[in-house]
>>> print(open('upload-v1.cif').read())   # mmCIF, C-alpha atoms
data_final
loop_
_atom_site.label_atom_id
_atom_site.label_comp_id
_atom_site.auth_asym_id
_atom_site.auth_seq_id
_atom_site.Cartn_x
_atom_site.Cartn_y
_atom_site.Cartn_z
CA MET S 1 0.00 0.00 0.00
CA THR S 2 0.96 3.60 -0.55
CA ALA S 3 -0.94 6.83 0.07
CA GLY S 4 -2.03 6.70 -3.56
CA SER S 5 -4.23 3.73 -2.65
CA ILE S 6 -6.22 5.50 0.09
CA TYR S 7 -9.96 5.84 -0.49
CA ALA S 8 -12.76 7.57 1.41
CA GLY S 9 -13.67 5.70 4.56
CA ALA S 10 -10.48 3.68 4.58
CA GLN S 11 -8.32 3.44 7.65
CA ILE S 12 -5.02 5.20 7.15
CA THR S 13 -2.14 3.00 8.27
CA ALA S 14 1.51 3.74 8.88
CA ASP S 15 2.30 1.68 5.80
CA ASP S 16 0.13 4.01 3.70
CA ILE S 17 1.81 7.12 5.03
CA GLN S 18 5.27 5.76 4.22
CA GLY S 19 4.49 6.45 0.60
CA VAL S 20 3.64 10.11 1.15
CA ALA S 21 7.15 11.51 1.25
CA PRO S 22 10.35 10.21 -0.28
CA LEU S 23 13.09 8.51 1.64
CA ALA S 24 15.97 10.93 1.24
CA VAL S 25 19.54 11.42 2.35
CA VAL S 26 21.74 14.42 1.61
CA LYS S 27 25.43 13.86 2.07
CA GLN S 28 26.84 16.01 4.88
CA ASN S 29 30.55 15.30 4.45
CA ASP S 30 32.97 14.63 1.63
CA THR S 31 34.14 11.03 1.32
CA ALA S 32 37.50 10.24 -0.30
CA SER S 33 38.05 6.99 -2.15
CA VAL S 34 40.78 4.47 -1.54
CA VAL S 35 43.89 5.66 -3.42
CA ASN S 36 46.03 3.69 -5.88
CA SER S 37 43.23 1.17 -6.17
CA THR S 38 40.01 0.60 -8.06
CA ALA S 39 38.38 -0.96 -5.00
CA LEU S 40 34.91 0.41 -4.40
CA SER S 41 33.78 1.53 -0.96
CA ALA S 42 30.28 1.77 0.43
CA ASP S 43 29.41 5.41 1.02
CA PRO S 44 28.87 5.91 4.76
CA GLU S 45 25.92 8.26 4.20
CA LEU S 46 24.29 7.47 0.86
CA ARG S 47 22.14 4.54 1.90
CA LEU S 48 18.40 3.96 2.38
CA ASN S 49 16.45 1.09 3.89
CA LEU S 50 13.80 -0.30 1.53
CA ASP S 51 10.75 -2.43 2.32
CA ALA S 52 10.10 -5.91 0.97
CA ASN S 53 7.81 -6.51 -2.02
CA SER S 54 7.69 -2.85 -2.99
CA ALA S 55 8.35 -0.61 -5.98
CA TYR S 56 10.46 2.53 -5.75
CA ARG S 57 11.36 5.34 -8.10
CA PHE S 58 14.83 6.56 -7.14
CA PHE S 59 16.78 9.66 -8.03
CA PHE S 60 20.49 10.13 -7.31
CA THR S 61 22.40 13.31 -8.04
CA PRO S 62 26.06 12.77 -7.17
CA MET S 63 28.65 15.51 -7.06
CA TYR S 64 32.26 14.45 -7.13
CA THR S 65 35.83 15.25 -8.03
CA ALA S 66 38.38 12.93 -9.64
CA VAL S 67 41.60 13.17 -11.61
CA ALA S 68 40.93 13.25 -15.36
CA GLY S 69 41.61 9.80 -16.72
CA ALA S 70 41.41 8.19 -13.28
CA ASP S 71 37.74 9.21 -13.07
CA MET S 72 35.23 7.72 -10.64
CA THR S 73 33.25 4.49 -10.65
CA ILE S 74 29.78 4.65 -9.15
CA GLN S 75 27.83 1.50 -8.47
CA PHE S 76 24.89 0.44 -6.30
CA THR S 77 23.95 -2.46 -4.12
CA PHE S 78 20.31 -3.38 -3.71
CA PRO S 79 18.37 -5.55 -1.27
CA SER S 80 18.74 -9.27 -1.97
CA GLY S 81 16.51 -10.38 -4.82
CA ALA S 82 15.71 -6.86 -6.00
CA THR S 83 15.49 -5.92 -9.67
CA ALA S 84 16.64 -2.46 -10.67
CA THR S 85 16.64 -0.69 -14.01
CA TYR S 86 18.05 2.80 -14.30
CA LEU S 87 19.67 5.36 -16.53
CA GLN S 88 22.76 7.45 -15.99
CA VAL S 89 23.29 10.89 -17.50
CA ARG S 90 27.00 11.51 -16.99
CA ASN S 91 30.19 12.67 -18.57
CA GLY S 92 31.95 9.48 -19.62
CA THR S 93 35.44 8.72 -20.86
CA GLY S 94 37.11 11.89 -22.12
CA GLY S 95 34.24 14.05 -20.88
CA VAL S 96 31.80 12.91 -23.55
CA LEU S 97 28.16 13.14 -22.45
CA VAL S 98 26.60 9.70 -22.05
CA LEU S 99 23.06 8.48 -21.52
CA ALA S 100 23.44 4.88 -20.38
CA ALA S 101 20.70 2.40 -19.59
CA THR S 102 21.59 -0.41 -17.24
CA THR S 103 20.28 -3.03 -14.84
CA SER S 104 20.94 -4.11 -11.30
CA GLY S 105 24.31 -3.21 -9.94
CA ASN S 106 26.16 -2.39 -13.14
CA ALA S 107 28.80 0.28 -12.67
CA GLY S 108 29.36 3.44 -14.65
CA ARG S 109 32.54 5.43 -15.31
CA TYR S 110 32.16 9.07 -14.32
CA TYR S 111 34.60 11.53 -15.87
CA GLY S 112 36.84 13.53 -13.59
CA ASN S 113 38.26 16.98 -14.26
CA GLY S 114 40.65 17.52 -11.37
CA SER S 115 39.32 19.75 -8.62
CA LEU S 116 36.40 20.96 -10.72
CA ALA S 117 33.24 19.36 -9.31
CA GLN S 118 31.29 17.15 -11.69
CA GLY S 119 27.64 16.13 -11.55
CA ALA S 120 25.35 13.45 -12.93
CA ILE S 121 21.72 12.35 -12.88
CA ILE S 122 20.78 8.74 -12.17
CA THR S 123 17.15 7.68 -11.96
CA GLY S 124 15.25 4.45 -12.25
CA THR S 125 13.09 1.78 -10.69
CA ILE S 126 13.75 -0.73 -7.92
CA LEU S 127 11.43 -3.70 -7.36
CA THR S 128 12.24 -5.38 -4.06
CA ALA S 129 11.60 -8.93 -2.91
CA SER S 130 13.20 -8.65 0.53
CA ALA S 131 13.72 -5.70 2.82
CA GLY S 132 17.26 -4.35 2.79
CA THR S 133 19.64 -1.55 2.04
CA PHE S 134 20.01 0.43 -1.16
CA GLN S 135 23.52 1.82 -1.08
CA VAL S 136 25.95 3.83 -3.20
CA LEU S 137 29.46 2.50 -3.80
CA SER S 138 32.24 4.56 -5.34
CA GLY S 139 35.95 4.50 -6.03
CA GLN S 140 38.60 5.23 -8.63
CA ALA S 141 37.96 3.94 -12.14
CA THR S 142 41.73 3.83 -12.75
CA ALA S 143 44.15 3.65 -9.83
CA ASN S 144 45.70 7.00 -8.99
CA ALA S 145 47.57 8.61 -6.08
CA THR S 146 44.90 11.30 -5.74
CA ALA S 147 41.58 10.14 -4.33
CA ALA S 148 38.27 10.55 -6.07
CA VAL S 149 35.86 12.29 -3.71
CA MET S 150 32.10 12.01 -3.34
CA LEU S 151 31.10 15.52 -2.28
CA LYS S 152 28.71 16.71 0.38
CA GLY S 153 25.41 17.82 -1.09
CA SER S 154 25.05 14.65 -3.16
CA GLU S 155 21.50 13.40 -2.68
CA LEU S 156 19.76 10.04 -2.90
CA ASP S 157 15.92 9.94 -2.90
CA CYS S 158 13.44 7.08 -3.16
CA TRP S 159 9.67 7.38 -3.63
CA LYS S 160 7.63 4.31 -2.77
CA VAL S 161 5.21 3.93 -5.64
CA GLY S 162 3.84 0.45 -5.20
CA MET M 1 -5.02 20.70 -2.85
CA ILE M 2 -4.31 19.83 0.75
CA GLY M 3 -3.29 23.39 1.66
CA ASP M 4 -6.81 24.65 0.97
CA LEU M 5 -8.70 22.27 3.24
CA LEU M 6 -10.03 22.27 6.78
CA ARG M 7 -10.93 18.61 6.48
CA ILE M 8 -8.59 16.18 4.77
CA ALA M 9 -10.32 13.94 2.25
CA ALA M 10 -8.96 10.72 0.81
CA PRO M 11 -8.27 12.22 -2.64
CA ASP M 12 -6.10 14.89 -1.04
CA ILE M 13 -3.90 12.27 0.60
CA ARG M 14 -3.71 10.32 -2.65
CA ASP M 15 -2.37 13.41 -4.41
CA ILE M 16 0.65 13.84 -2.15
CA PRO M 17 2.85 10.99 -3.41
CA PRO M 18 3.61 10.53 -7.09
CA ARG M 19 1.44 8.37 -9.32
CA SER M 20 3.49 5.76 -11.05
CA ALA M 21 3.24 3.04 -13.68
CA PHE M 22 6.13 0.74 -14.48
CA LYS M 23 6.77 -2.20 -16.75
CA PRO M 24 7.24 -5.50 -14.91
CA ALA M 25 8.38 -7.35 -18.04
CA ASP M 26 9.76 -6.66 -21.52
CA GLU M 27 7.28 -6.00 -24.33
CA THR M 28 8.49 -6.86 -27.83
CA ARG M 29 6.89 -6.01 -31.16
CA THR M 30 7.88 -6.80 -34.72
CA VAL M 31 8.81 -3.61 -36.50
CA SER M 32 6.64 -2.18 -39.24
CA PRO M 33 7.32 0.36 -41.93
CA GLY M 34 4.08 2.28 -41.30
CA LEU M 35 2.60 4.16 -38.39
CA VAL M 36 1.00 1.29 -36.49
CA PHE M 37 0.77 2.52 -32.94
CA ALA M 38 -0.49 0.49 -30.02
CA ASP M 39 -0.55 1.61 -26.41
CA ASP M 40 2.12 0.30 -24.14
CA THR M 41 0.34 -2.30 -22.04
CA ASP M 42 1.79 -1.12 -18.72
CA LEU M 43 2.63 2.57 -18.99
CA LEU M 44 -0.86 3.95 -18.33
CA LEU M 45 -1.48 6.69 -15.78
CA ASP M 46 -4.88 8.09 -14.77
CA LEU M 47 -4.83 11.86 -14.30
CA ASP M 48 -7.48 14.20 -12.88
CA ALA M 49 -9.30 17.03 -14.64
CA ASP M 50 -8.21 20.66 -14.41
CA SER M 51 -4.87 19.80 -12.87
CA SER M 52 -1.20 20.19 -13.57
CA TYR M 53 1.38 17.47 -13.17
CA ARG M 54 5.16 17.34 -13.18
CA PHE M 55 5.97 14.11 -14.96
CA LEU M 56 9.07 12.00 -15.52
CA LEU M 57 9.31 9.22 -18.10
CA THR M 58 12.23 6.82 -18.19
CA LEU M 59 11.79 4.57 -21.18
CA TYR M 60 14.24 1.72 -21.81
CA TYR M 61 14.28 0.05 -25.20
CA THR M 62 16.31 -2.37 -27.26
CA ALA M 63 16.47 -2.12 -31.04
CA ALA M 64 18.94 -2.76 -33.82
CA SER M 65 21.28 0.13 -34.47
CA SER M 66 19.38 1.27 -37.54
CA ASP M 67 15.91 0.87 -36.05
CA LEU M 68 13.74 3.41 -34.31
CA LEU M 69 11.46 3.39 -31.35
CA VAL M 70 8.65 5.79 -32.23
CA ALA M 71 6.41 6.73 -29.33
CA TYR M 72 3.90 9.33 -28.27
CA LEU M 73 2.81 10.79 -25.01
CA ALA M 74 -0.92 10.65 -25.76
CA ALA M 75 -3.93 12.28 -24.11
CA PRO M 76 -7.55 11.07 -24.15
CA TYR M 77 -9.05 13.14 -26.97
CA PRO M 78 -9.39 12.31 -30.66
CA ALA M 79 -7.34 14.48 -32.97
CA GLY M 80 -8.91 17.85 -33.58
CA THR M 81 -11.21 17.72 -30.56
CA ALA M 82 -11.15 20.85 -28.44
CA GLY M 83 -10.26 20.53 -24.78
CA GLY M 84 -7.27 18.22 -24.91
CA TRP M 85 -4.29 18.31 -22.62
CA SER M 86 -1.08 20.21 -23.15
CA ILE M 87 2.43 18.94 -22.58
CA GLY M 88 5.73 20.75 -22.39
CA ARG M 89 8.80 18.63 -22.05
CA SER M 90 12.54 18.34 -22.22
CA GLN M 91 13.84 15.12 -23.71
CA LEU M 92 17.29 13.55 -23.59
CA GLY M 93 17.88 10.62 -25.88
CA TYR M 94 19.59 9.18 -28.92
CA GLY M 95 17.66 10.97 -31.58
CA SER M 96 16.35 10.58 -35.02
CA GLY M 97 13.77 12.61 -36.90
CA PRO M 98 13.39 15.95 -35.13
CA LEU M 99 16.40 15.28 -32.95
CA GLY M 100 18.76 14.62 -35.86
CA GLY M 101 20.96 11.58 -36.26
CA ASN M 102 21.96 8.81 -33.88
CA THR M 103 23.56 11.13 -31.37
CA LEU M 104 22.73 12.09 -27.83
CA GLU M 105 20.72 15.28 -27.84
CA LEU M 106 18.67 17.35 -25.45
CA GLY M 107 15.59 19.02 -26.87
CA ALA M 108 12.66 21.06 -25.54
CA PHE M 109 9.18 20.65 -26.99
CA THR M 110 5.70 22.07 -26.51
CA THR M 111 2.43 20.97 -28.06
CA THR M 112 -0.89 22.49 -29.00
CA PRO M 113 -3.70 21.66 -26.57
CA GLU M 114 -6.18 20.20 -29.02
CA ALA M 115 -4.05 17.45 -30.51
CA GLU M 116 -4.65 13.87 -29.40
CA THR M 117 -1.09 12.86 -30.08
CA LEU M 118 0.65 15.38 -27.95
CA ALA M 119 4.33 14.67 -27.86
CA LEU M 120 6.30 12.53 -30.27
CA LEU M 121 9.42 10.74 -29.11
CA TYR M 122 12.00 9.31 -31.49
CA ALA M 123 14.81 7.16 -30.25
CA GLN M 124 17.35 5.25 -32.29
CA GLY M 125 18.52 1.84 -31.16
CA GLY M 126 22.15 0.98 -30.66
CA GLY M 127 21.80 -2.79 -30.49
CA SER M 128 21.84 -2.86 -26.71
CA MET M 129 19.47 -1.39 -24.17
CA ARG M 130 19.18 2.37 -24.37
CA ALA M 131 17.09 4.97 -22.56
CA VAL M 132 15.07 8.09 -23.15
CA LEU M 133 14.62 10.56 -20.28
CA VAL M 134 11.67 12.91 -20.57
CA ALA M 135 10.71 15.50 -17.95
CA GLY M 136 7.98 18.08 -18.21
CA THR M 137 4.55 19.38 -17.30
CA ILE M 138 1.06 18.24 -18.26
CA VAL M 139 -1.98 20.50 -17.87
CA THR M 140 -5.29 18.64 -18.03
CA THR M 141 -8.81 19.83 -18.75
CA ALA M 142 -10.73 16.57 -18.31
CA PRO M 143 -9.88 13.32 -16.54
CA GLY M 144 -8.22 10.69 -18.62
CA THR M 145 -5.38 8.27 -19.05
CA LEU M 146 -1.92 9.29 -20.13
CA ARG M 147 -0.75 6.62 -22.57
CA ILE M 148 2.42 5.75 -24.43
CA PRO M 149 1.57 4.35 -27.86
CA TRP M 150 4.66 3.09 -29.68
CA TYR M 151 5.93 1.02 -32.55
CA GLY M 152 9.28 0.01 -34.02
CA SER M 153 10.31 1.38 -37.37
CA SER M 154 12.75 -0.39 -39.65
CA SER M 155 13.27 -1.33 -43.26
CA THR M 156 13.82 -4.92 -42.10
CA SER M 157 10.41 -6.36 -41.31
CA THR M 158 11.78 -9.32 -39.35
CA ASN M 159 13.41 -7.09 -36.74
CA THR M 160 11.89 -6.44 -33.36
CA VAL M 161 11.87 -3.54 -30.95
CA THR M 162 11.49 -4.08 -27.21
CA VAL M 163 10.43 -1.67 -24.50
CA ASN M 164 12.22 -3.07 -21.50
CA ALA M 165 11.10 -3.94 -18.01
CA GLY M 166 11.73 -1.16 -15.52
CA SER M 167 10.47 1.60 -17.80
CA GLU M 168 8.48 3.97 -15.63
CA LEU M 169 6.04 6.85 -15.95
CA THR M 170 5.72 8.99 -12.82
CA ALA M 171 3.60 12.11 -12.24
CA TRP M 172 3.47 14.47 -9.27
CA LYS M 173 0.35 16.64 -8.97
CA SER M 174 1.53 20.23 -8.82
CA GLY M 175 -1.70 22.20 -9.09
#
>>> encode(input="upload-v1.cif", output="structure tokens")
Amino acid sequence: MTAGSIYAGAQITADDIQGVAPLAVVKQNDTASVVNSTALSADPELRLNLDANSAYRFFFTPMYTAVAGADMTIQFTFPSGATATYLQVRNGTGGVLVLAATTSGNAGRYYGNGSLAQGAIITGTILTASAGTFQVLSGQATANATAAVMLKGSELDCWKVG
Amino acid sequence: MIGDLLRIAAPDIRDIPPRSAFKPADETRTVSPGLVFADDTDLLLDLDADSSYRFLLTLYYTAASSDLLVAYLAAPYPAGTAGGWSIGRSQLGYGSGPLGGNTLELGAFTTTPEAETLALLYAQGGGSMRAVLVAGTIVTTAPGTLRIPWYGSSSTSTNTVTVNAGSELTAWKSG
């Protein structure tokens, strides 16, 4: 149930009201990647707890810095058994604008331009089977001595739509 | 709108979250050289009369590199009938037709309020799954269902075009 399913005379439950406003987290601190490695790290802030057997529309607007050519990899983890389909509007290799369509968990390469902050838009659908955590992972796309950084102000939102 | 009420009614609560329709499974059609539109079987969204909506469409599709997905955002009135809806939108996708060749382009479009077929989307396939992102505003005059009729266009009649699972149409009531 979501609030969109409420009808006159119906009892309003907590479950209904959960669909009224989005789950949202705005990053409060910069997070630097592991250096000299392409290992991805779970962002300590960009995570949301999703319900079982539900549908969500999500919207992620990262802001980041990375050395040009080393770039940043952004990936997601979803609750066990979930299916996700989403698009990424980002500057890809060499700074070329990319609109990429992808499915659960696939990573994208996000162009870096030194200390100049970069942005992207990622939106899509998550269908859950089990309750669990939807989380952002990030790291260097190519190993470099200078960390890629996920910047404060990056935001992750999820609307429960079914 | 909820801000105008002393008593909260069920429809006011329903209007707070977005309305959403998504595809649970792929839908594949054999391409055709002519304009043979059929509504997407899942992307259907009921909208109220005399309202405005912020909408977001994320459409995923798979087609051969030379083939097109041709789709409309369609309102409930027959062509030429007064009182239809109006749609303004920005669209990011791999274009053909009004968007040019098979390159990523961002375009802005508006439509006349009386047309049944309000907003035409063209998207060229690349052989693997691609996406179109459309964001805009719909102003309604009568209640009805927002639909996405589409077909695949190709010179090779044995090809197919698929609108992929996960495609989603979402609308927030804004007035």
>>> atom_distance(input="upload-v1.cif", atom1="CA of Ala64 in chain M", atom2="CA of Gln88 in chain S")
20.9 Å
>>> interface_residues(input="upload-v1.cif", of="chain M", to="chain S", cutoff="10 Å", atoms="all atoms listed in the file", output="VMD selection string")
chain M and resid 9 to 24 56 to 61 92 to 94 103 to 105 128 to 133 164 to 170
>>> write_last_selection(input="upload-v1.cif", atoms="C-alpha atoms", output="mmCIF file, keeping the file's coordinate frame")
data_model
loop_
_atom_site.group_PDB
_atom_site.id
_atom_site.type_symbol
_atom_site.label_atom_id
_atom_site.label_comp_id
_atom_site.auth_asym_id
_atom_site.auth_seq_id
_atom_site.Cartn_x
_atom_site.Cartn_y
_atom_site.Cartn_z
ATOM 1 C CA ALA M 9 -10.320 13.940 2.250
ATOM 2 C CA ALA M 10 -8.960 10.720 0.810
ATOM 3 C CA PRO M 11 -8.270 12.220 -2.640
ATOM 4 C CA ASP M 12 -6.100 14.890 -1.040
ATOM 5 C CA ILE M 13 -3.900 12.270 0.600
ATOM 6 C CA ARG M 14 -3.710 10.320 -2.650
ATOM 7 C CA ASP M 15 -2.370 13.410 -4.410
ATOM 8 C CA ILE M 16 0.650 13.840 -2.150
ATOM 9 C CA PRO M 17 2.850 10.990 -3.410
ATOM 10 C CA PRO M 18 3.610 10.530 -7.090
ATOM 11 C CA ARG M 19 1.440 8.370 -9.320
ATOM 12 C CA SER M 20 3.490 5.760 -11.050
ATOM 13 C CA ALA M 21 3.240 3.040 -13.680
ATOM 14 C CA PHE M 22 6.130 0.740 -14.480
ATOM 15 C CA LYS M 23 6.770 -2.200 -16.750
ATOM 16 C CA PRO M 24 7.240 -5.500 -14.910
ATOM 17 C CA LEU M 56 9.070 12.000 -15.520
ATOM 18 C CA LEU M 57 9.310 9.220 -18.100
ATOM 19 C CA THR M 58 12.230 6.820 -18.190
ATOM 20 C CA LEU M 59 11.790 4.570 -21.180
ATOM 21 C CA TYR M 60 14.240 1.720 -21.810
ATOM 22 C CA TYR M 61 14.280 0.050 -25.200
ATOM 23 C CA LEU M 92 17.290 13.550 -23.590
ATOM 24 C CA GLY M 93 17.880 10.620 -25.880
ATOM 25 C CA TYR M 94 19.590 9.180 -28.920
ATOM 26 C CA THR M 103 23.560 11.130 -31.370
ATOM 27 C CA LEU M 104 22.730 12.090 -27.830
ATOM 28 C CA GLU M 105 20.720 15.280 -27.840
ATOM 29 C CA SER M 128 21.840 -2.860 -26.710
ATOM 30 C CA MET M 129 19.470 -1.390 -24.170
ATOM 31 C CA ARG M 130 19.180 2.370 -24.370
ATOM 32 C CA ALA M 131 17.090 4.970 -22.560
ATOM 33 C CA VAL M 132 15.070 8.090 -23.150
ATOM 34 C CA LEU M 133 14.620 10.560 -20.280
ATOM 35 C CA ASN M 164 12.220 -3.070 -21.500
ATOM 36 C CA ALA M 165 11.100 -3.940 -18.010
ATOM 37 C CA GLY M 166 11.730 -1.160 -15.520
ATOM 38 C CA SER M 167 10.470 1.600 -17.800
ATOM 39 C CA GLU M 168 8.480 3.970 -15.630
ATOM 40 C CA LEU M 169 6.040 6.850 -15.950
ATOM 41 C CA THR M 170 5.720 8.990 -12.820
#
>>> residues_near_point(input="upload-v1.cif", point="(18.4, -5.7, 4.0)", cutoff="9 Å", atoms="all atoms listed in the file", output="list in words")
Asn49, Leu50, Asp51, Ala52, Phe78, Pro79, Ser80, Ser130, Ala131, Gly132, Thr133 and Phe134 of chain S
>>> resolve_selection(input="upload-v1.cif", expression="the PyMOL selection byres ((chain S and resi 68) around 7)", output="list in words")
Ala66, Val67, Gly69, Ala70, Asp71, Tyr111, Gly112, Asn113 and Gly114 of chain S
>>> resolve_selection(input="upload-v1.cif", expression="the PyMOL selection byres ((chain M and resi 156) around 10)", output="ChimeraX atom specification")
/M:30-33,64,66-67,153-155,157-160
>>> closest_residue(input="upload-v1.cif", among="S:Thr128, S:Ser37, S:Thr77, S:Gln118", to="Pro62 in chain S", atoms="all atoms listed in the file")
S:Gln118
>>> atom_distance(input="upload-v1.cif", atom1="CA of Thr110 in chain M", atom2="CA of Leu146 in chain M")
16.2 Å
>>> atom_distance(input="upload-v1.cif", atom1="CA of Leu46 in chain S", atom2="CA of Tyr110 in chain S")
17.2 Å
>>> resolve_selection(input="upload-v1.cif", expression="the PyMOL selection byres ((chain M and resi 172) around 6)", output="number ranges by chain")
M: 18, 53-54, 171, 173
>>> residues_around(input="upload-v1.cif", residues="Gly119 in chain S", least_positions_apart="4", cutoff="9 Å", atoms="all atoms listed in the file", output="list in words")
Thr61, Pro62, Met63, Tyr64, Thr65, Arg90, Asn91, Tyr110 and Ser154 of chain S
>>> residues_around(input="upload-v1.cif", residues="range 148-150 of chain M", least_positions_apart="3", cutoff="8 Å", atoms="all atoms listed in the file", output="list of chain:residue names")
M:Val36, M:Phe37, M:Ala38, M:Asp39, M:Asp40, M:Leu43, M:Leu44, M:Leu69, M:Val70, M:Ala71, M:Tyr72, M:Leu73, M:Ala74
>>> residues_around(input="upload-v1.cif", residues="Ile74 in chain S", least_positions_apart="4", cutoff="9 Å", atoms="all atoms listed in the file", output="ChimeraX atom specification")
/S:40,106-110,136-141
